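All remarks here apply to the structure that follows.
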Amino acid sequence: MPLRRTLNATVLRCPHCRLVQYCTANGLCRRCRRILQPTPRMPTYARNIGRGIRMLRQEHGLTQSQLAASLNTRRTYISTIERGVAIPSILTIERIAAIFDLDIAGVFLLLRRMQRISDRAQIKTL
């Protein structure tokens with residue numbers, strides 16, 4: 001009886017040709033033959049920072065465009081922060097805090113409180 005190789009069911013997107021595919025045995029893209037590498041996931045604190053900024057923005061009735069205009073940046077950058085794709089610098093967090101009349105410590109306390117709430121919600125679902 002021949003041995004069966006177990007397949008790695010990891011789905012990857014080639015960064016060069018953008019083809020979505022399963023991980024291959026040789027580690028190369030099926031279309032462009034370049035090396036496939038899994039994209040790293042952003043840490044949970046990045047998502048929490050984004051959620052906190054979104055919450056602050058919505059509580060103050062601002063759109064992403066209005067917040068971006070206040071920060072002199074692009075709306076898409078605000079969107080990537082809120083989705084947890086990008087991690088803002090300390091300077092950006094400080095500028096966001098100033099818009100909402102907070103100090104930088106207040107922003108991080110808010111984020112810590114949100115983390116505790118999300119941890120409790122995860123414990124309840126278990």
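Labels for the structure tokens follow display order: chains A, B, ..., residues from 1 in each chain, ligands from 1.
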
Please report as CSV every residue of segment 25-51 of chain A lying within 10 Å of segment 103-115 of chain A, along with the nearest atom pair and their distance in Å (one decimal), using only C-alpha atoms.
residue,atom,partner,partner_atom,distance
A:Thr44,CA,A:Gln115,CA,9.2
A:Tyr45,CA,A:Gln115,CA,8.3
A:Asn48,CA,A:Leu111,CA,6.5
A:Ile49,CA,A:Leu111,CA,6.3
A:Gly50,CA,A:Leu111,CA,9.3
A:Arg51,CA,A:Leu111,CA,8.4

- Task: Might you pull out every residue within 9 Å of segment 10-21 of chain A, with only C-alpha atoms counted and same-chain residues fewer than 6 positions away left off, and present them as a PyMOL selection string?
- Result: chain A and resi 29-32+34-39

- Item | strand (DSSP E) positions in chain A, given as JSON, numbers by chain | {"A": [11, 12, 13, 20, 21, 22]}

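Here atom CA of Ser65 of chain A is placed at a distance of 12.8 Å from atom CA of Thr80 of chain A.
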
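Going from atom CA of Ile117 of chain A to atom CA of Ser79 of chain A covers 22.8 Å.
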
- Message: Between atom CA of Ile53 of chain A and atom CA of Leu91 of chain A, what is the distance in Å, rounded to a tenth?
- Response: 14.1 Å

- Smallest atom-to-atom distance to Gln58 of chain A: which of A:Tyr22, A:Arg120, A:Glu82, A:Ile90, using only C-alpha atoms?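 The closest residue to Gln58 of chain A is A:Glu82.
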
- Task: Show which residues sit within 8 Å of segment 85-89 of chain A, as a list in words. Count only C-alpha atoms, and ignore same-chain residues fewer than 4 positions away.
- Result: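 So the residues in contact are Met42, Ala46, Arg47, Ile49, Tyr77, Thr80, Ile81 and Ile93 of chain A.
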
Output the selection as a JSON list (two decimals), in the first residue's frame - C-alpha atoms for each residue.
[["chain", "number", "residue", "atom", "x", "y", "z"],
["A", 42, "MET", "CA", -1.27, 41.34, 13.47],
["A", 46, "ALA", "CA", -3.21, 46.22, 17.15],
["A", 47, "ARG", "CA", -6.87, 45.26, 16.75],
["A", 49, "ILE", "CA", -6.01, 50.00, 19.34],
["A", 77, "TYR", "CA", -4.84, 55.14, 6.81],
["A", 80, "THR", "CA", -6.33, 50.43, 8.20],
["A", 81, "ILE", "CA", -5.70, 51.47, 11.82],
["A", 93, "ILE", "CA", -1.87, 58.18, 18.92]]

- Query: Which of segment 72-112 of chain A counts as alpha helix (DSSP H) under DSSP, as an MDAnalysis selection string please?
  - Reply: chainID A and resid 75:82 90:99 104:112

Take the selection from the previous step and output its residues with C-alpha atoms, as a short mmCIF file (atom, residue, chain, number, x, y, z; two decimals), in the first residue's frame.
data_model
loop_
_atom_site.label_atom_id
_atom_site.label_comp_id
_atom_site.auth_asym_id
_atom_site.auth_seq_id
_atom_site.Cartn_x
_atom_site.Cartn_y
_atom_site.Cartn_z
CA ARG A 75 -8.90 58.31 5.25
CA THR A 76 -7.56 54.94 4.14
CA TYR A 77 -4.84 55.14 6.81
CA ILE A 78 -7.52 55.66 9.48
CA SER A 79 -9.39 52.68 8.06
CA THR A 80 -6.33 50.43 8.20
CA ILE A 81 -5.70 51.47 11.82
CA GLU A 82 -9.30 50.78 12.80
CA ILE A 90 3.00 56.98 19.36
CA LEU A 91 2.96 60.40 17.67
CA THR A 92 -0.21 59.50 15.77
CA ILE A 93 -1.87 58.18 18.92
CA GLU A 94 -0.88 61.39 20.70
CA ARG A 95 -2.42 63.49 17.91
CA ILE A 96 -5.61 61.41 18.00
CA ALA A 97 -5.77 61.83 21.79
CA ALA A 98 -5.46 65.62 21.41
CA ILE A 99 -8.41 65.67 18.99
CA ILE A 104 -1.97 59.70 25.72
CA ALA A 105 -2.28 57.87 29.06
CA GLY A 106 -6.06 58.24 28.84
CA VAL A 107 -6.08 56.55 25.45
CA PHE A 108 -4.06 53.61 26.73
CA LEU A 109 -6.27 53.30 29.83
CA LEU A 110 -9.29 53.17 27.55
CA LEU A 111 -7.64 50.47 25.45
CA ARG A 112 -6.76 48.48 28.57
#

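Minimum atom-to-atom distances from A:Pro43, A:Arg74, A:Phe100, A:Gly27 to Leu62 of chain A were compared using only C-alpha atoms, and the lowest value belongs to A:Phe100.
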
- Item | Nearest to Leu102 of chain A by atom-to-atom distance, counting only C-alpha atoms, from A:Ala68, A:Ala121, A:Leu56, A:Ala25 |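 Checking each of A:Ala68, A:Ala121, A:Leu56, A:Ala25 against Leu102 of chain A, counting only C-alpha atoms, the winner is A:Leu56.
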